[in-house]
>>> print(open('structure_23.cif').read())   # mmCIF, C-alpha atoms and all ligand atoms
data_model
#
loop_
_atom_site.label_atom_id
_atom_site.label_comp_id
_atom_site.auth_asym_id
_atom_site.auth_seq_id
_atom_site.Cartn_x
_atom_site.Cartn_y
_atom_site.Cartn_z
CA MET A 1 -6.72 50.31 -157.93
CA GLU A 2 -8.68 49.98 -161.18
CA VAL A 3 -6.67 48.23 -163.90
CA LYS A 4 -8.12 47.89 -167.38
CA ILE A 5 -7.09 44.85 -169.36
CA THR A 6 -9.80 44.21 -171.96
CA GLU A 7 -13.59 44.32 -172.01
CA LYS A 8 -13.85 40.62 -171.18
CA ILE A 9 -10.69 40.14 -169.14
CA ARG A 10 -10.87 42.07 -165.89
CA TYR A 11 -8.47 42.79 -163.05
CA ILE A 12 -9.81 42.14 -159.56
CA GLY A 13 -6.51 42.21 -157.66
CA VAL A 14 -5.93 44.11 -154.45
CA ASP A 15 -3.16 46.32 -153.07
CA ASP A 16 -1.88 45.44 -149.61
CA ASN A 17 -0.53 48.65 -148.13
CA ASP A 18 -0.14 47.36 -144.58
CA ILE A 19 2.21 44.42 -145.07
CA ASP A 20 5.74 45.09 -143.84
CA LEU A 21 7.52 41.83 -144.69
CA PHE A 22 6.38 39.87 -147.74
CA GLU A 23 6.77 36.13 -147.11
CA ASN A 24 7.80 37.29 -143.63
CA GLN A 25 11.26 38.18 -144.95
CA TYR A 26 11.27 40.78 -147.73
CA ARG A 27 10.82 44.43 -146.83
CA VAL A 28 8.08 45.99 -148.91
CA PRO A 29 7.95 49.69 -148.01
CA ASP A 30 5.56 50.28 -150.92
CA GLY A 31 3.32 47.33 -150.06
CA MET A 32 2.41 44.48 -152.35
CA SER A 33 -0.25 43.69 -154.93
CA TYR A 34 -2.02 40.35 -155.14
CA ASN A 35 -3.35 40.11 -158.67
CA SER A 36 -6.44 38.16 -159.62
CA TYR A 37 -8.35 38.17 -162.88
CA VAL A 38 -11.78 37.30 -164.23
CA ILE A 39 -12.66 36.26 -167.77
CA LEU A 40 -16.29 36.92 -168.69
CA ASP A 41 -17.45 34.70 -171.53
CA GLU A 42 -20.13 32.04 -172.00
CA LYS A 43 -18.40 30.53 -169.00
CA THR A 44 -16.74 32.67 -166.37
CA ALA A 45 -13.30 31.96 -164.99
CA VAL A 46 -11.46 33.45 -162.04
CA LEU A 47 -7.70 33.26 -162.43
CA ASP A 48 -6.21 32.90 -158.96
CA THR A 49 -7.48 34.48 -155.76
CA VAL A 50 -5.58 36.69 -153.30
CA ASP A 51 -3.92 36.48 -149.91
CA LYS A 52 -6.54 36.21 -147.21
CA ARG A 53 -5.25 39.53 -145.83
CA ALA A 54 -6.95 41.14 -148.85
CA MET A 55 -9.96 38.84 -149.15
CA GLY A 56 -12.74 41.32 -148.28
CA GLU A 57 -11.82 43.88 -150.92
CA TRP A 58 -11.20 41.14 -153.49
CA GLU A 59 -14.63 39.60 -152.85
CA GLU A 60 -16.30 42.98 -153.38
CA LYS A 61 -14.45 43.44 -156.68
CA LEU A 62 -15.24 39.90 -157.76
CA LEU A 63 -18.99 40.21 -157.11
CA ARG A 64 -19.15 43.66 -158.71
CA THR A 65 -17.37 42.36 -161.81
CA LEU A 66 -19.54 39.27 -162.06
CA ASN A 67 -22.64 41.46 -161.83
CA GLY A 68 -24.82 38.58 -160.75
CA ARG A 69 -23.16 35.81 -162.72
CA LYS A 70 -21.67 32.75 -161.06
CA VAL A 71 -18.10 31.51 -161.36
CA ASP A 72 -17.74 28.41 -163.51
CA TYR A 73 -13.97 27.86 -163.18
CA LEU A 74 -11.21 28.84 -160.80
CA VAL A 75 -7.82 28.46 -162.46
CA ILE A 76 -5.09 27.89 -159.88
CA HIS A 77 -1.80 28.89 -161.45
CA HIS A 78 -0.03 28.82 -158.10
CA LEU A 79 -1.07 27.39 -154.75
CA GLU A 80 1.08 29.59 -152.49
CA PRO A 81 -1.11 31.32 -149.88
CA ASP A 82 -0.51 34.83 -151.26
CA HIS A 83 -2.65 33.68 -154.23
CA ALA A 84 -4.63 30.75 -152.91
CA GLY A 85 -5.58 32.38 -149.62
CA SER A 86 -9.15 33.11 -150.71
CA ILE A 87 -9.94 29.84 -152.50
CA ALA A 88 -12.04 28.54 -149.60
CA ARG A 89 -14.16 31.70 -149.72
CA LEU A 90 -14.65 31.36 -153.49
CA VAL A 91 -15.78 27.76 -153.09
CA GLU A 92 -18.14 28.86 -150.31
CA LEU A 93 -19.63 31.58 -152.54
CA PHE A 94 -19.86 29.34 -155.61
CA PRO A 95 -20.19 25.71 -154.51
CA ASP A 96 -20.40 24.46 -158.10
CA VAL A 97 -17.13 26.07 -159.21
CA VAL A 98 -14.71 23.72 -160.95
CA LEU A 99 -11.11 24.07 -159.76
CA VAL A 100 -8.58 23.90 -162.58
CA GLY A 101 -5.04 22.82 -161.75
CA ASN A 102 -2.48 20.21 -162.66
CA ALA A 103 -1.69 16.91 -160.97
CA LYS A 104 0.77 18.58 -158.61
CA THR A 105 -1.78 21.26 -157.69
CA PHE A 106 -4.27 18.68 -156.54
CA GLN A 107 -1.62 16.62 -154.82
CA MET A 108 -0.70 19.66 -152.71
CA PHE A 109 -4.24 21.06 -152.36
CA PRO A 110 -5.26 18.99 -149.28
CA GLN A 111 -2.09 20.16 -147.49
CA PHE A 112 -3.60 23.65 -147.44
CA PHE A 113 -7.35 23.05 -147.47
CA ASP A 114 -9.85 20.81 -145.73
CA ILE A 115 -12.33 21.21 -148.56
CA ASP A 116 -13.84 18.20 -150.27
CA VAL A 117 -13.54 19.06 -153.96
CA THR A 118 -14.36 15.58 -155.23
CA GLY A 119 -16.03 15.87 -158.62
CA ARG A 120 -15.24 19.59 -158.79
CA THR A 121 -11.73 19.52 -160.21
CA LEU A 122 -10.35 19.61 -163.71
CA THR A 123 -6.77 18.35 -163.96
CA VAL A 124 -4.88 19.80 -166.89
CA LYS A 125 -1.48 18.95 -168.30
CA GLU A 126 1.00 20.64 -170.61
CA GLY A 127 -0.71 21.86 -173.78
CA ASP A 128 -4.28 21.30 -172.59
CA CYS A 129 -6.88 23.88 -173.50
CA LEU A 130 -9.95 25.10 -171.61
CA SER A 131 -12.60 26.78 -173.73
CA LEU A 132 -14.76 29.41 -172.07
CA GLY A 133 -16.63 30.26 -175.27
CA GLU A 134 -14.81 32.87 -177.30
CA HIS A 135 -11.79 32.68 -175.00
CA GLU A 136 -9.45 29.71 -174.73
CA LEU A 137 -6.85 29.11 -172.04
CA HIS A 138 -3.83 27.04 -173.06
CA PHE A 139 -1.83 25.65 -170.15
CA MET A 140 1.94 25.45 -169.78
CA LEU A 141 3.51 23.80 -166.77
CA ALA A 142 6.21 25.89 -165.10
CA PRO A 143 7.52 23.79 -162.21
CA MET A 144 9.67 25.68 -159.67
CA VAL A 145 8.79 29.09 -161.06
CA HIS A 146 8.36 29.36 -158.08
CA TRP A 147 6.78 26.19 -156.61
CA PRO A 148 6.47 22.73 -158.20
CA GLU A 149 2.79 23.09 -159.11
CA VAL A 150 3.11 26.45 -160.91
CA MET A 151 1.61 26.74 -164.35
CA LEU A 152 1.05 29.55 -166.83
CA SER A 153 -1.81 30.00 -169.21
CA TYR A 154 -2.16 31.76 -172.54
CA GLU A 155 -5.49 33.16 -173.62
CA SER A 156 -5.21 32.85 -177.37
CA THR A 157 -8.09 35.07 -178.50
CA GLU A 158 -6.87 38.26 -176.85
CA LYS A 159 -3.24 37.03 -176.64
CA VAL A 160 -2.96 37.49 -172.90
CA LEU A 161 -0.33 35.52 -170.99
CA PHE A 162 -0.97 34.75 -167.32
CA THR A 163 2.44 34.19 -165.80
CA ALA A 164 1.93 33.41 -162.09
CA ASP A 165 4.89 34.81 -160.10
CA ALA A 166 7.02 35.32 -163.22
CA PHE A 167 7.27 39.00 -164.23
CA GLY A 168 6.02 39.95 -160.77
CA LYS A 169 7.45 42.64 -158.54
CA PHE A 170 7.23 44.07 -155.07
CA GLY A 171 5.03 47.11 -154.48
CA ALA A 172 1.35 47.99 -154.37
CA LEU A 173 0.11 49.13 -157.78
CA ALA A 174 -1.24 52.51 -156.69
CA LYS A 175 2.01 53.40 -154.92
CA THR A 176 4.40 52.32 -157.65
CA GLU A 177 2.65 53.02 -160.95
CA ASN A 178 5.29 55.58 -161.98
CA ASP A 179 8.29 53.60 -160.72
CA ASP A 180 10.95 51.94 -162.81
CA TRP A 181 9.66 48.35 -163.18
CA ALA A 182 13.06 46.68 -163.21
CA CYS A 183 14.21 47.86 -159.78
CA GLU A 184 11.69 45.97 -157.65
CA ALA A 185 11.13 43.26 -160.27
CA ARG A 186 14.85 42.43 -160.09
CA ARG A 187 14.89 42.31 -156.29
CA TYR A 188 11.79 40.10 -156.44
CA TYR A 189 13.19 37.81 -159.14
CA PHE A 190 16.58 37.07 -157.61
CA ASN A 191 15.34 36.59 -154.09
CA ILE A 192 12.24 34.57 -154.87
CA VAL A 193 12.83 32.72 -158.14
CA GLY A 194 16.60 33.19 -158.65
CA LYS A 195 17.60 29.66 -157.75
CA TYR A 196 15.60 28.22 -160.64
CA GLY A 197 17.12 30.03 -163.61
CA ALA A 198 17.28 26.96 -165.85
CA LEU A 199 13.56 26.31 -165.36
CA VAL A 200 12.74 29.95 -166.05
CA GLN A 201 14.72 29.67 -169.29
CA GLY A 202 12.59 26.68 -170.24
CA VAL A 203 9.42 28.72 -169.73
CA LEU A 204 10.83 31.63 -171.74
CA LYS A 205 11.47 29.22 -174.59
CA LYS A 206 7.82 28.19 -174.59
CA VAL A 207 6.69 31.83 -174.39
CA SER A 208 8.91 32.77 -177.34
CA THR A 209 6.63 30.74 -179.64
CA LEU A 210 3.56 32.81 -178.68
CA GLU A 211 2.28 36.13 -179.88
CA VAL A 212 1.76 38.01 -176.63
CA ALA A 213 -0.10 41.32 -176.35
CA CYS A 214 -0.20 41.51 -172.60
CA ILE A 215 1.48 39.83 -169.60
CA CYS A 216 -0.62 39.42 -166.47
CA PRO A 217 1.53 38.41 -163.49
CA LEU A 218 0.30 37.67 -159.98
CA HIS A 219 2.14 40.67 -158.50
CA GLY A 220 2.89 44.09 -159.94
CA PRO A 221 1.62 45.84 -163.02
CA VAL A 222 0.02 44.28 -166.08
CA LEU A 223 2.65 44.63 -168.81
CA ARG A 224 1.43 45.76 -172.21
CA GLU A 225 4.05 47.62 -174.17
CA ASP A 226 7.59 46.81 -175.14
CA LEU A 227 7.24 43.25 -173.87
CA GLY A 228 10.62 42.40 -175.41
CA TYR A 229 12.24 44.61 -172.75
CA TYR A 230 10.79 42.60 -169.87
CA ILE A 231 11.39 39.24 -171.55
CA GLY A 232 14.96 40.30 -172.38
CA LEU A 233 15.64 41.13 -168.72
CA TYR A 234 14.24 37.75 -167.72
CA GLN A 235 16.58 36.11 -170.24
CA THR A 236 19.57 37.90 -168.69
CA TRP A 237 18.53 37.23 -165.12
CA SER A 238 17.63 33.58 -165.58
CA GLY A 239 20.85 33.02 -167.55
CA TYR A 240 22.83 34.34 -164.55
CA GLN A 241 24.45 36.93 -166.79
CA PRO A 242 25.34 40.37 -165.36
CA GLU A 243 22.91 43.06 -166.38
CA ASN A 244 25.27 46.01 -165.91
CA ARG A 245 28.96 46.70 -165.56
CA GLY A 246 29.62 47.55 -161.93
CA VAL A 247 31.26 46.53 -158.68
CA LEU A 248 29.36 45.61 -155.53
CA ILE A 249 31.52 45.88 -152.41
CA ALA A 250 29.73 43.88 -149.71
CA VAL A 251 31.10 44.69 -146.27
CA ALA A 252 30.92 42.89 -142.92
CA THR A 253 32.53 45.29 -140.46
CA ILE A 254 32.55 45.20 -136.66
CA HIS A 255 33.99 48.58 -135.64
CA GLY A 256 34.13 50.33 -139.00
CA ASN A 257 37.75 49.59 -139.90
CA THR A 258 36.89 47.02 -142.58
CA MET A 259 34.35 49.51 -143.95
CA ALA A 260 37.12 52.15 -144.12
CA ALA A 261 39.18 49.80 -146.30
CA ALA A 262 36.14 49.10 -148.50
CA GLU A 263 35.44 52.81 -148.89
CA LYS A 264 39.07 53.40 -149.85
CA LEU A 265 38.82 50.70 -152.53
CA ALA A 266 35.63 52.33 -153.82
CA GLU A 267 37.45 55.66 -154.01
CA LEU A 268 40.33 54.09 -155.96
CA LEU A 269 37.95 52.37 -158.37
CA ARG A 270 36.06 55.60 -159.04
CA ALA A 271 39.33 57.49 -159.51
CA LYS A 272 40.32 54.88 -162.08
CA GLY A 273 37.10 55.47 -164.02
CA GLU A 274 34.77 52.75 -162.73
CA GLU A 275 31.38 54.43 -162.92
CA THR A 276 29.24 52.13 -160.81
CA VAL A 277 30.59 51.14 -157.42
CA VAL A 278 28.08 50.22 -154.71
CA VAL A 279 29.22 49.79 -151.11
CA SER A 280 26.78 47.89 -148.88
CA ASP A 281 27.01 47.34 -145.14
CA LEU A 282 25.72 43.79 -144.74
CA ALA A 283 24.73 44.39 -141.13
CA ARG A 284 22.34 47.19 -142.06
CA ALA A 285 21.42 47.13 -145.74
CA ASP A 286 18.29 45.43 -147.00
CA ARG A 287 19.78 41.99 -147.62
CA ALA A 288 17.46 41.30 -150.55
CA GLU A 289 18.72 44.50 -152.17
CA VAL A 290 22.36 43.42 -151.76
CA ILE A 291 21.53 40.00 -153.27
CA GLU A 292 19.91 41.87 -156.17
CA ASP A 293 23.04 44.00 -156.69
CA ALA A 294 25.31 40.95 -156.53
CA PHE A 295 23.43 39.49 -159.51
CA ARG A 296 23.03 42.81 -161.28
CA TYR A 297 26.73 43.66 -161.53
CA ASP A 298 29.59 41.72 -163.06
CA ARG A 299 32.05 41.96 -160.17
CA ILE A 300 31.89 41.65 -156.41
CA VAL A 301 34.26 42.45 -153.57
CA LEU A 302 33.81 40.75 -150.22
CA ALA A 303 35.32 42.71 -147.34
CA ALA A 304 34.95 41.14 -143.93
CA SER A 305 36.24 40.93 -140.42
CA SER A 306 37.38 37.60 -139.04
CA TYR A 307 35.21 36.18 -136.28
CA ASP A 308 35.21 33.02 -134.18
CA GLY A 309 37.77 31.39 -136.44
CA GLY A 310 35.66 32.15 -139.52
CA VAL A 311 33.99 35.23 -140.93
CA PHE A 312 31.74 37.86 -139.34
CA PRO A 313 28.23 36.33 -139.36
CA CYS A 314 26.46 38.78 -141.68
CA MET A 315 29.02 37.92 -144.40
CA ARG A 316 28.63 34.19 -143.77
CA ASP A 317 24.84 34.56 -144.06
CA PHE A 318 25.13 36.65 -147.21
CA LEU A 319 27.39 34.08 -148.88
CA TYR A 320 25.06 31.29 -147.84
CA GLN A 321 22.19 33.16 -149.48
CA LEU A 322 24.20 33.76 -152.68
CA GLN A 323 25.10 30.08 -152.76
CA SER A 324 21.43 29.12 -152.32
CA LYS A 325 20.45 31.40 -155.20
CA ALA A 326 23.00 29.69 -157.49
CA TYR A 327 25.25 32.75 -157.77
CA GLN A 328 27.64 32.22 -160.68
CA ASN A 329 29.53 33.70 -163.63
CA ARG A 330 31.14 36.59 -161.75
CA ARG A 331 34.59 37.88 -160.76
CA ALA A 332 35.33 38.37 -157.06
CA ALA A 333 38.01 40.01 -154.92
CA LEU A 334 38.60 39.67 -151.20
CA ILE A 335 39.57 41.91 -148.30
CA GLU A 336 39.93 40.38 -144.87
CA ASN A 337 40.56 41.95 -141.51
CA GLY A 338 42.02 40.10 -138.53
CA SER A 339 43.54 41.61 -135.41
CA TRP A 340 45.28 38.39 -134.37
CA GLY A 341 44.48 35.35 -136.59
CA PRO A 342 42.83 36.45 -139.88
CA THR A 343 40.40 33.73 -141.03
CA ALA A 344 37.80 35.68 -143.03
CA GLY A 345 39.62 35.42 -146.36
CA LYS A 346 40.05 31.67 -146.20
CA THR A 347 36.43 31.19 -145.15
CA MET A 348 35.02 33.42 -147.90
CA ARG A 349 37.28 31.86 -150.53
CA ALA A 350 36.15 28.35 -149.59
CA ILE A 351 32.49 29.32 -150.06
CA LEU A 352 33.15 31.13 -153.36
CA GLU A 353 34.98 28.07 -154.64
CA THR A 354 31.77 26.05 -154.37
CA MET A 355 30.09 28.36 -156.88
CA LYS A 356 30.04 27.82 -160.62
CA ASN A 357 32.37 30.01 -162.67
CA VAL A 358 33.24 32.51 -159.94
CA GLU A 359 36.80 33.66 -160.55
CA ILE A 360 38.68 34.91 -157.50
CA LEU A 361 41.00 37.75 -158.46
CA GLU A 362 44.39 38.24 -156.85
CA PRO A 363 45.73 39.69 -154.66
CA THR A 364 43.70 39.43 -151.48
CA LEU A 365 44.28 42.21 -148.98
CA THR A 366 44.78 41.27 -145.34
CA ILE A 367 44.56 44.19 -142.96
CA ARG A 368 45.52 43.97 -139.34
CA SER A 369 42.87 45.94 -137.43
CA THR A 370 43.10 49.13 -139.50
CA LEU A 371 44.08 50.06 -143.04
CA LYS A 372 47.69 51.33 -143.13
CA GLU A 373 49.63 53.33 -145.70
CA ALA A 374 51.57 50.16 -146.43
CA ASP A 375 48.32 48.39 -147.48
CA LEU A 376 47.55 50.88 -150.23
CA PRO A 377 49.64 49.25 -152.99
CA VAL A 378 47.70 45.98 -152.51
CA LEU A 379 44.42 47.88 -152.59
CA GLU A 380 45.60 49.57 -155.81
CA SER A 381 46.38 46.13 -157.28
CA ILE A 382 42.90 44.88 -156.37
CA ALA A 383 41.34 47.93 -158.06
CA ASP A 384 43.45 47.31 -161.18
CA ALA A 385 42.54 43.61 -161.22
CA LEU A 386 38.83 44.45 -160.95
CA ILE A 387 39.01 46.91 -163.83
CA ALA A 388 41.05 44.54 -165.98
CA ALA A 389 38.55 41.74 -165.26
CA ALA A 390 35.70 43.84 -166.67
CA GLU A 391 37.67 44.57 -169.80
CA ARG A 392 38.72 41.02 -170.59
FE1 LIG X 1 3.46 35.14 -155.19
FE2 LIG X 1 5.13 32.19 -155.07
O1 LIG X 1 3.80 33.38 -154.61
#
>>> encode(input="structure_23.cif", output="structure tokens")
Amino acid sequence: MEVKITEKIRYIGVDDNDIDLFENQYRVPDGMSYNSYVILDEKTAVLDTVDKRAMGEWEEKLLRTLNGRKVDYLVIHHLEPDHAGSIARLVELFPDVVLVGNAKTFQMFPQFFDIDVTGRTLTVKEGDCLSLGEHELHFMLAPMVHWPEVMLSYESTEKVLFTADAFGKFGALAKTENDDWACEARRYYFNIVGKYGALVQGVLKKVSTLEVACICPLHGPVLREDLGYYIGLYQTWSGYQPENRGVLIAVATIHGNTMAAAEKLAELLRAKGEETVVVSDLARADRAEVIEDAFRYDRIVLAASSYDGGVFPCMRDFLYQLQSKAYQNRRAALIENGSWGPTAGKTMRAILETMKNVEILEPTLTIRSTLKEADLPVLESIADALIAAAER
């Protein structure tokens, strides 16, 4: 897809419409974009390459954009293979190219490449500037957003910020150009960068001192207008604050009886005026989407069957993932099911208690195989506690 940035700053990224699982784990029904950029000035610079899956198309775009010129610099904002996958080809095409990275980049570089780049590297550190002529790239280190070697750069003449994975999203550009940005950007953020909120906040602080006209991430659309909207969402997400009022009911059900209890709770919540209640079957739903919803909303209900003296595995896995992503600052309620020795509630509670500022609301409902009339008052109390928790 053709993307116009400015006369001298060009997009040479590629849509990958064939990939099914990004990073071999995230479903991407609308594909993925690998963004790459060229700055044409007295010196030319390529800003990141693309996954080798997309190398052929990228090379064509690169050569067409260069129109006979050579590449002077390759800026490596991020060494992960979805961006670095075509570096070897670039070096082959332009043997004199100078690779620009930070100390960590070049420490990790030989782990991925058997290329001798002696004498062809430029190591930059925080605040360093690379002049290309009229354009100047100012470097900001952004460790763990999303790998330790990640850096951002700010082109001060045209006020363009190159943000690596930050502000990226799932989806090929041509397939998603009319979509709501936040939906797939949120799923991308929490699943890929979510663990490192404090470091993202540090980067946002640096960015807040800059006048930015345009954000160029390594995935998803170039962002030009209303940049405060995107930066504001990143502030909320990286601060682990809920974005919307709502209740996620995450369900691990074996025969459907735990799901029936969850659906009944959803019905009660809606009847009591709760507008956003999302019920997700952890065995079937896109797990990354459920993780996204857990972070999006302010309250969560975990409803699970007992299993092997613990909790049904899809709930255990989900909680492990939430724990890994530093889930925090939320209110939670529990429903457990156990036909003989209920253990799900205790297991889920113990995991929640390891998380920062996750308040477990009372009561917990224990159902024995199926939801009974006699269980309804407890379910009512859970619904009331959830609503009261949002209004505190
Ligand atoms: Fe898009 Fe962390 O690579």
>>> atom_distance(input="structure_23.cif", atom1="atom CA of Val145 of chain A", atom2="atom CA of Leu223 of chain A")
18.4 Å
>>> closest_atom_pairs(input="structure_23.cif", of="chain A", to="ligand LIG 1 (chain X)", cutoff="7 Å", atoms="only C-alpha atoms and all ligand atoms", output="CSV")
residue,atom,partner,partner_atom,distance
A:His78,CA,X:LIG1,FE2,6.9
A:Glu80,CA,X:LIG1,O1,5.1
A:Asp82,CA,X:LIG1,FE1,5.6
A:His83,CA,X:LIG1,FE1,6.4
A:His146,CA,X:LIG1,FE2,5.2
A:Trp147,CA,X:LIG1,FE2,6.4
A:Asp165,CA,X:LIG1,FE1,5.1
A:Leu218,CA,X:LIG1,FE1,6.3
A:His219,CA,X:LIG1,FE1,6.6
>>> atom_distance(input="structure_23.cif", atom1="atom CA of Ala182 of chain A", atom2="atom CA of Lys159 of chain A")
23.2 Å
>>> residues_around(input="structure_23.cif", residues="Gly246 of chain A", least_positions_apart="2", cutoff="12 Å", atoms="only C-alpha atoms", output="VMD selection string")
chain A and resid 242 to 244 248 to 249 266 269 to 270 273 to 279 293 to 301 330 to 332 386 to 387 389 to 391
>>> residues_around(input="structure_23.cif", residues="Glu225 of chain A", least_positions_apart="3", cutoff="9 Å", atoms="all atoms listed in the file", output="compact mmCIF listing (two decimals) with C-alpha atoms, in the frame of the given file")
# COMPACT_ATOMS: atom_id res chain seq x y z
CA ALA A 213 -0.10 41.32 -176.35
CA CYS A 214 -0.20 41.51 -172.60
CA GLY A 228 10.62 42.40 -175.41
CA TYR A 229 12.24 44.61 -172.75
